[in-house]
Amino acid sequence: MIQDNILLRYQKLHQRIAGEAIRDVLDEIVRQSLAARMPLIPVQVACLLFTLARIASPGRIVELGTGFGYSALLLALASVESHIVTIENNAKCGKVAQSFFGKTRVGDRISLLFGDAISVLPTISGSFDFVFLDAAKEEYSSYLQLLLPRLSKGALLVADDVFFAGEMPDGHLPEPVKEKIIHELEHFRCFLRQKPYFLTSFLPIDCGMSVTLLTKHPEL
């Protein structure tokens, strides 16, 4: 019953933003994610992500953390001229995502790369107009350092779970891991606040989101 109610909330969103064919694919990703207890961005996060991408209309998007492909499809649907590069470290999840991309026309604009984002990012050429971070929380600062030279002026950086406190649906993380994540996220938030080339808003949605505008190119 709880999963049915959660699915219904996603379905209401999908009815507003998608045609029938891709709506069915999005619904199925949600069903499979819930059944497999896979991480899935909450409906409020999905609404904001879609809205930001629609307003920004970026040419090139990079997403760290594909999962089953839900947010990558949202981004492709929101920004009809964009190309999305999405990176996933879990090959099994990536294969599921790839199968879903293949069922949609917007999936043609999504390139899925397998591997750890810290290793994969340096292999990608070109700049990015929009970034969505939703991978290993303890690596957010490392991701940012790799991405910073690659951001176009006016780029948006959206990060999920920036106030993540180590609580998991199926139990607690080991204390050392939890402490590392909390510490690294604090460092990430401080970096966003302090740098003069960033304009950042922190939003109390789920485990917290940050939306950052690159106002000028940093002197690296």
# chains A, B, ... in the order shown; residues from 1 in each chain; ligands from 1
>>> closest_atom_pairs(of="segment 73-146 of chain A", to="segment 185-196 of chain A", cutoff="9 Å", atoms="only C-alpha atoms", output="JSON lines")
{"residue": "A:Lys137", "atom": "CA", "partner": "A:Leu185", "partner_atom": "CA", "distance": 6.7}
{"residue": "A:Glu138", "atom": "CA", "partner": "A:Leu185", "partner_atom": "CA", "distance": 6.5}
{"residue": "A:Glu139", "atom": "CA", "partner": "A:Leu185", "partner_atom": "CA", "distance": 8.4}
{"residue": "A:Tyr140", "atom": "CA", "partner": "A:Phe188", "partner_atom": "CA", "distance": 6.5}
{"residue": "A:Ser141", "atom": "CA", "partner": "A:Phe188", "partner_atom": "CA", "distance": 5.1}
{"residue": "A:Ser142", "atom": "CA", "partner": "A:Phe188", "partner_atom": "CA", "distance": 8.9}
{"residue": "A:Leu144", "atom": "CA", "partner": "A:Phe188", "partner_atom": "CA", "distance": 8.3}
>>> write_last_selection(atoms="N, CA and C atoms", output="PDB file, in the first residue's frame")
ATOM      1  N   LYS A 137      28.310  10.351  -1.727  1.00  0.00           N
ATOM      2  CA  LYS A 137      28.264  11.650  -1.034  1.00  0.00           C
ATOM      3  C   LYS A 137      29.640  12.061  -0.512  1.00  0.00           C
ATOM      4  N   GLU A 138      30.446  11.079  -0.102  1.00  0.00           N
ATOM      5  CA  GLU A 138      31.757  11.399   0.449  1.00  0.00           C
ATOM      6  C   GLU A 138      32.732  11.893  -0.619  1.00  0.00           C
ATOM      7  N   GLU A 139      32.322  11.802  -1.880  1.00  0.00           N
ATOM      8  CA  GLU A 139      33.192  12.240  -2.974  1.00  0.00           C
ATOM      9  C   GLU A 139      32.717  13.534  -3.625  1.00  0.00           C
ATOM     10  N   TYR A 140      31.697  14.174  -3.075  1.00  0.00           N
ATOM     11  CA  TYR A 140      31.165  15.379  -3.715  1.00  0.00           C
ATOM     12  C   TYR A 140      32.241  16.447  -3.927  1.00  0.00           C
ATOM     13  N   SER A 141      33.089  16.673  -2.937  1.00  0.00           N
ATOM     14  CA  SER A 141      34.143  17.686  -3.077  1.00  0.00           C
ATOM     15  C   SER A 141      35.136  17.297  -4.174  1.00  0.00           C
ATOM     16  N   SER A 142      35.456  16.016  -4.257  1.00  0.00           N
ATOM     17  CA  SER A 142      36.376  15.550  -5.301  1.00  0.00           C
ATOM     18  C   SER A 142      35.747  15.714  -6.682  1.00  0.00           C
ATOM     19  N   LEU A 144      33.570  17.933  -7.489  1.00  0.00           N
ATOM     20  CA  LEU A 144      33.514  19.366  -7.780  1.00  0.00           C
ATOM     21  C   LEU A 144      34.860  19.873  -8.288  1.00  0.00           C
TER      22      LEU A 144
END
>>> residues_around(residues="segment 4-21 of chain A", least_positions_apart="2", cutoff="12 Å", atoms="only C-alpha atoms", output="PyMOL selection string")
chain A and resi 1-2+23-35+40-48+50-51+54+70+73-79+100+103-106
>>> closest_residue(among="A:Met38, A:Ala159, A:Leu112, A:Tyr197", to="Glu219 of chain A", atoms="only C-alpha atoms")
A:Tyr197
>>> residues_around(residues="Leu146 of chain A", least_positions_apart="4", cutoff="10 Å", atoms="only C-alpha atoms", output="count of residues only")
9
>>> closest_residue(among="A:Phe130, A:Leu147, A:Lys178, A:Thr66", to="Thr212 of chain A", atoms="only C-alpha atoms")
A:Phe130
>>> closest_residue(among="A:Glu63, A:Ser125, A:Glu175, A:Gly102", to="Val158 of chain A", atoms="only C-alpha atoms")
A:Glu63
